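A.B. asks: Next up is a structure, given as structure tokens.
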Amino acid sequence: MEQPNLNYIKELAAGDVTFEQKLIQIVKTELPDEIATYELNISNNAFAKAAENVHKLKHKLGIVGLVEGYDLAISFEEELKLGKNDLKEQFDIVLLSVVHFINDL
């Protein structure tokens with residue numbers, strides 16, 4: 001399974017440790033709220049709203065270096081727009097790995 005990493009953040013920061021820390025802090029601050037909103041919308045079968053949540057979350061996946069996770073989010077977002085959630089379990093596993101990664105930073 002693909003593992004989150006800081007490679008993309010380090011690339012964006014180009015050696016600027018302060019900028020790198022700001023990016024990490026943004027992810028640490030925004031991710032829990034975005035996941036909570038996504039989970040609420042999924043539990044309420046509000047798939048259109050959940051698709052919007054996944055759209056936001058996919059960018060966080062990209063920031064923590066998850067190329068496959070980003071691609072999964074794109075597929076899941078489109079699926080949700082069609083009123084389905086077959087990819088939910090896979091997407092939730094990716095989210096959990098990101099949460100653990102971010103919490104350990």
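Ordered as shown in the structure tokens, chains take letters A, B, and onward, while each chain numbers its residues from 1 and ligands are numbered from 1 in the order shown.
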Tell me which protein, DNA and RNA residues are within 7 Å of range 20-33 of chain A, counting only C-alpha atoms, leaving out same-chain ones fewer than 2 positions away, and put them as a VMD selection string.
C.D. replies: chain A and resid 9 to 10 13 16 to 18 35 to 37 60 102
A.B. asks: As an MDAnalysis selection string, please: all residues of chain A that backbone DSSP puts in helix (DSSP H, G or I).
C.D. replies: chainID A and resid 7:13 17:43 47:63 67:81 88:103
A.B. asks: What lies within 10 Å of Asn85 in chain A using only C-alpha atoms, ignoring chain neighbours under 3 positions off, as a list in words?
C.D. replies: Ile42, Asn45, Phe47, Ala50, Ala51, Phe76, Glu77, Glu78, Glu79, Leu80, Lys81, Leu82, Lys88, Glu89 and Phe91 of chain A
A.B. asks: Quote the spacing between CA of Asn103 in chain A and CA of Gln3 in chain A in Å to one decimal place.
C.D. replies: 14.1 Å
A.B. asks: In Å, with one decimal, what is the gap from CA of Leu6 in chain A to CA of Lys49 in chain A?
C.D. replies: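 Taking CA of Leu6 in chain A as the start and CA of Lys49 in chain A as the end point, the length is 29.0 Å.
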A.B. asks: Please provide the set of residues having any atom within 9 Å of Val94 in chain A, restricted to only C-alpha atoms, with same-chain residues fewer than 5 positions apart removed, written as a PDB file with N, CA and C atoms, in the first residue's frame.
C.D. replies:
ATOM      1  N   GLU A   2       0.472   2.210  -0.745  1.00  0.00           N
ATOM      2  CA  GLU A   2       1.162   3.484  -0.848  1.00  0.00           C
ATOM      3  C   GLU A   2       1.183   4.180   0.521  1.00  0.00           C
ATOM      4  N   GLN A   3       2.313   4.780   0.865  1.00  0.00           N
ATOM      5  CA  GLN A   3       2.451   5.430   2.170  1.00  0.00           C
ATOM      6  C   GLN A   3       2.583   6.947   2.014  1.00  0.00           C
ATOM      7  N   LEU A  61      -4.447  14.621  -0.106  1.00  0.00           N
ATOM      8  CA  LEU A  61      -3.782  13.362  -0.438  1.00  0.00           C
ATOM      9  C   LEU A  61      -2.589  13.621  -1.350  1.00  0.00           C
ATOM     10  N   LEU A  66       0.431  11.037  -2.014  1.00  0.00           N
ATOM     11  CA  LEU A  66      -0.334   9.842  -2.373  1.00  0.00           C
ATOM     12  C   LEU A  66      -0.892   9.968  -3.791  1.00  0.00           C
ATOM     13  N   GLY A  69      -3.681   7.394  -4.107  1.00  0.00           N
ATOM     14  CA  GLY A  69      -4.782   7.883  -3.283  1.00  0.00           C
ATOM     15  C   GLY A  69      -5.504   9.042  -3.949  1.00  0.00           C
ATOM     16  N   GLU A  89     -14.912   2.194   1.217  1.00  0.00           N
ATOM     17  CA  GLU A  89     -14.014   1.458   2.103  1.00  0.00           C
ATOM     18  C   GLU A  89     -12.548   1.693   1.730  1.00  0.00           C
ATOM     19  N   VAL A  99      -4.316  10.247   8.307  1.00  0.00           N
ATOM     20  CA  VAL A  99      -4.528  10.725   9.673  1.00  0.00           C
ATOM     21  C   VAL A  99      -3.398  10.236  10.582  1.00  0.00           C
TER      22      VAL A  99
END
A.B. asks: Please measure the separation of CA of Leu40 in chain A and CA of Asp86 in chain A, giving the value in Å to one decimal.
C.D. replies: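 Separation of CA of Leu40 in chain A and CA of Asp86 in chain A: 16.9 Å.
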